[in-house]
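Asker: Structure incoming, see below.
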Amino acid sequence: MPPHESHRHSAPHSHGHGHGPAAPVSRHLRKVIAAVLIPFAAAVAVGLLVLWPGGAPPHKPSGVGFDQPTERARVTEVAEVNCADVHAEQQPQPPSPGGQPPTGGADKGKPCQQVTIEVTTGENSGRTFKTVVTPDALRHYTTGQDVVVAYSPKAPKELQYAVSDVDRSLPMWVLAAIFALAVVLVGRLRGVLALVALAASFVVLTLFILPAILQGSNPLVVAVVGGSAIMLIALYLCHGLTARTSVAVLGTLASLLLIGLLGSVFINWALLTGNTDDTTGLVHGLFPDIEIRGLLLAGIIIGSLGVLDDVTVTQTAAVWELKEADPSAGWRKLYGAAMRIGRDHIASVVNTLVLAYAGAALPLLLLFSIAQSSVGTVATSEVVAEEIVRTLVGSIGLVAAVPLTTLLAALVVSADRREPGLAGVADMSAEGEGSGAGTHTGEPIAAGGPADAMAGPKRRRGGHGRRRKR
C-alpha cells in the first residue's frame, strides 16, 4: 500500500477513538504527576491499614425500638372482624377549629382485618401470631404476602413478634437488575467497570467506613481515608491509569479538602450538634463513643464525593478534547474554552444538589409550612440549618472543583512537550493494541529520525493487518 494511502486511513481511525483513551503525555510529566499521587495513594493505604476495624464491634440487641432483631414471615390468613370484638375501635377526634367535621371517624363503620402471620426464619420458625389492622391504616395485607417482623425476646410470648415492614426484596432486586442491564447496554465495557467500581465503593463503605466509625475512630478521618480510597478505585477503574484521570483525581482531592475545611468551620460556628433525628439519637445511645458532630461532617464529605467525580472527570476530558482539536492552543485559551463548558455544568449540578436535599427533607418542610413559621425561623432551626450547611458546603466544593480542575488540566496538557518522532511509539506503548494502538495525536508521524524510520513500517503493517481483520 502506498504511504499516502496509509496516512489517509490512519486519520479517520484516530478520530474514531477521539473520545476513548487520552493521548499519553511525556515521561517527564508522568513522573511529576506520579510524584504527587503515589505518596497520596500510599498514605491512603496506610490509613486503611491503621484504621481497619476488623468488623463491627460486638453488640447484643436490646430488643427495643430500631435495635430489635428482625426475621422473615408470611401472611397465612386474612379475616374480616368487627373492630369492637378485637378491641380496636377508633376514637372520633374533636372538630377542627374551622368548623370542619371530625376526621377520625370516617372509617368507623368498616370492619377490621385480623391477620395471621407465620414466622419463616430464625429459632422460632413456624410460630404463628395474629395482628389487627384497622380500616384507616396505611398498609393492609394479603394472603401469601411476605413481611418482616421484629422480635422482642423479653416480651410475653404472645407479644414477642410484631410486623415492622413488608418484604420488598423482589422488586428491589428486579430494579437493580434493570439498572445494571441499562448501564451495560449503554456503557458496554465502561458500564461493566462502573458497576465493578460501584461494588467496590459499597465494600469500602460497609467493611471499612461504617465499622471504623462504630469502633470509635474519628468519623472525619475515616471519611477522608475511605472517601479517598473510593475515589482512587472508581476513577482509575472506570477511566484508566492515565494522566487525564490523575488530573481529575487531583482536582477531586483539592475540592474534598475544601469541603472538609468549610464544613468543619461552619458546623462549629453554627453550633450544630448533628443529633437532629431519632436515628442519630439511637446510634449515639447505643455507641456513646461516636462523635456525632464528626459524623455529620463525614456525611457531607461522602455525599459530595460522587458528584465531584462527575465534575472533575468532565472538565478534564473537555480540556483534553479541546487540546486535541487545537494542538496549538495555550493554557489560557484552553482554560477559557473549558470554563464555558464548566459554567453550564455548575448551574445544573448545584441545582441537582439543592433539589436532592430539599426532596429528602420535604416532610420536614411541610411541617414548617403547616406551622406557618417565618423563613428566618425555619432556616435557623438546627434541623434545617444542618441541611443548609450540608447543601451549601457541598455546592461550594463543586463550584470550586470546576476552575481548579480546569486550570490544572490546562496547565498539564499545555506543559506537555513530546518529541514528535516518539509520539507514535508512546501511543502504542501507553494505549495498547486493543485501544487504538498506532493512532497519531495530531502531530506528523514521520520526522526523519531513526525512531520514525523503525516505527513507520510497523505502523503501516499494523494498520494493514487491522483492515484485513475487519
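The chains in the C-alpha cells are called A, B, ... from first to last as shown; in each chain the residues are counted from 1, and the ligands are counted from 1 in the order shown.
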What's around Leu295 in chain A at 8 Å? Count only C-alpha atoms, leave out sequence neighbours fewer than 4 positions away in its own chain, and write the answer as a tab-separated table (two decimals) with N, CA and C atoms, in the first residue's frame.

Answerer:
```tsv
chain	number	residue	atom	x	y	z
A	219	PRO	N	-14.77	10.10	62.95
A	219	PRO	CA	-15.54	9.97	61.70
A	219	PRO	C	-14.96	10.78	60.56
A	220	LEU	N	-14.39	11.96	60.84
A	220	LEU	CA	-13.83	12.78	59.78
A	220	LEU	C	-12.63	12.10	59.14
A	274	GLY	N	-25.49	17.78	65.20
A	274	GLY	CA	-25.65	16.58	64.39
A	274	GLY	C	-26.70	15.62	64.92
A	290	ILE	N	-19.18	7.41	69.73
A	290	ILE	CA	-19.22	8.01	68.39
A	290	ILE	C	-19.38	9.52	68.51
A	291	GLU	N	-18.55	10.25	67.78
A	291	GLU	CA	-18.63	11.71	67.76
A	291	GLU	C	-19.68	12.12	66.72
A	299	GLY	N	-20.58	12.71	56.70
A	299	GLY	CA	-21.67	12.55	55.75
A	299	GLY	C	-21.63	13.58	54.64
```

Asker: Excluding range 125-134 of chain A and any residue of its chain fewer than 4 positions from it, enumerate the residues within 8 Å of it, using only C-alpha atoms, and give them as a list in words.

Answerer: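 Using only C-alpha atoms, the neighbours found are Cys83, Val86, Ala88, Pro111, Cys112, Gln113, Gln114, Val115, Thr116, Ile117, Glu118, Val119, Thr120, Thr121, His140, Glu158, Tyr161 and Ala162 of chain A.
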
Asker: Take the residues from that selection and write them out as a PDB file, in the first residue's frame, keeping C-alpha atoms.

Answerer:
```
ATOM      1  CA  CYS A  83     -63.291  -3.829  65.381  1.00  0.00           C
ATOM      2  CA  VAL A  86     -60.868  -7.236  68.860  1.00  0.00           C
ATOM      3  CA  ALA A  88     -59.679  -1.887  68.009  1.00  0.00           C
ATOM      4  CA  PRO A 111     -64.533  -3.913  59.550  1.00  0.00           C
ATOM      5  CA  CYS A 112     -61.003  -4.522  60.787  1.00  0.00           C
ATOM      6  CA  GLN A 113     -58.632  -7.162  59.445  1.00  0.00           C
ATOM      7  CA  GLN A 114     -57.275  -9.916  61.675  1.00  0.00           C
ATOM      8  CA  VAL A 115     -54.101 -11.167  60.052  1.00  0.00           C
ATOM      9  CA  THR A 116     -52.415 -14.473  60.872  1.00  0.00           C
ATOM     10  CA  ILE A 117     -48.660 -14.436  60.272  1.00  0.00           C
ATOM     11  CA  GLU A 118     -46.174 -17.320  60.310  1.00  0.00           C
ATOM     12  CA  VAL A 119     -42.500 -16.728  61.121  1.00  0.00           C
ATOM     13  CA  THR A 120     -40.348 -18.397  58.440  1.00  0.00           C
ATOM     14  CA  THR A 121     -36.786 -17.766  59.691  1.00  0.00           C
ATOM     15  CA  HIS A 140     -53.070  -3.671  54.524  1.00  0.00           C
ATOM     16  CA  GLU A 158     -47.815 -13.707  72.583  1.00  0.00           C
ATOM     17  CA  TYR A 161     -43.371 -10.723  67.343  1.00  0.00           C
ATOM     18  CA  ALA A 162     -44.819  -7.699  65.542  1.00  0.00           C
TER      19      ALA A 162
END
```

Asker: Give me the range 391-418 of chain A side of the contact with range 325-347 of chain A, cut-off 8 Å, one line per residue showing its nearest atom pair and distance in Å at one decimal, counting only C-alpha atoms, sorted by chain and residue number, as CSV.

Answerer:
```
residue,atom,partner,partner_atom,distance
A:Leu398,CA,A:Ile346,CA,7.4
A:Val399,CA,A:Ile346,CA,6.0
A:Val402,CA,A:Gly342,CA,6.0
A:Pro403,CA,A:Met339,CA,6.9
A:Thr406,CA,A:Tyr335,CA,6.1
A:Leu407,CA,A:Tyr335,CA,6.0
A:Ala410,CA,A:Trp331,CA,4.9
A:Leu411,CA,A:Trp331,CA,5.7
A:Val413,CA,A:Trp331,CA,7.8
A:Ser414,CA,A:Trp331,CA,5.6
```

Asker: Looking at A:Leu235, A:Ile213, A:Ala401, A:Val225, which one is nearest to Phe40 in chain A, with distances taken over only C-alpha atoms?

Answerer: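 Nearest candidate to Phe40 in chain A out of A:Leu235, A:Ile213, A:Ala401, A:Val225: A:Val225.
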
Asker: In terms of the shortest atom-to-atom distance over only C-alpha atoms, which of A:Ser381, A:Thr273, A:Thr206, A:Thr312 is closest to Ser246 in chain A?

Answerer: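 Smallest distance to Ser246 in chain A is found for A:Thr312.
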
Asker: Taking the DSSP assignment computed from this structure's backbone, write out as a PyMOL selection string all residues of range 25-259 of chain A that belong to helix (DSSP H, G or I).

Answerer: chain A and resi 27-51+65-67+157-159+169-214+219-239+243-259

Asker: Find the distance between CA of Asp146 in chain A and CA of Arg74 in chain A and write it in Å to one decimal.

Answerer: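 CA of Arg74 in chain A lies 4.4 Å from CA of Asp146 in chain A.
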
Asker: Mind giving me the straight-line distance from CA of Val319 in chain A to CA of Ala182 in chain A in Å, one decimal?

Answerer: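 Atom-to-atom, CA of Val319 in chain A and CA of Ala182 in chain A are spaced 28.6 Å apart.
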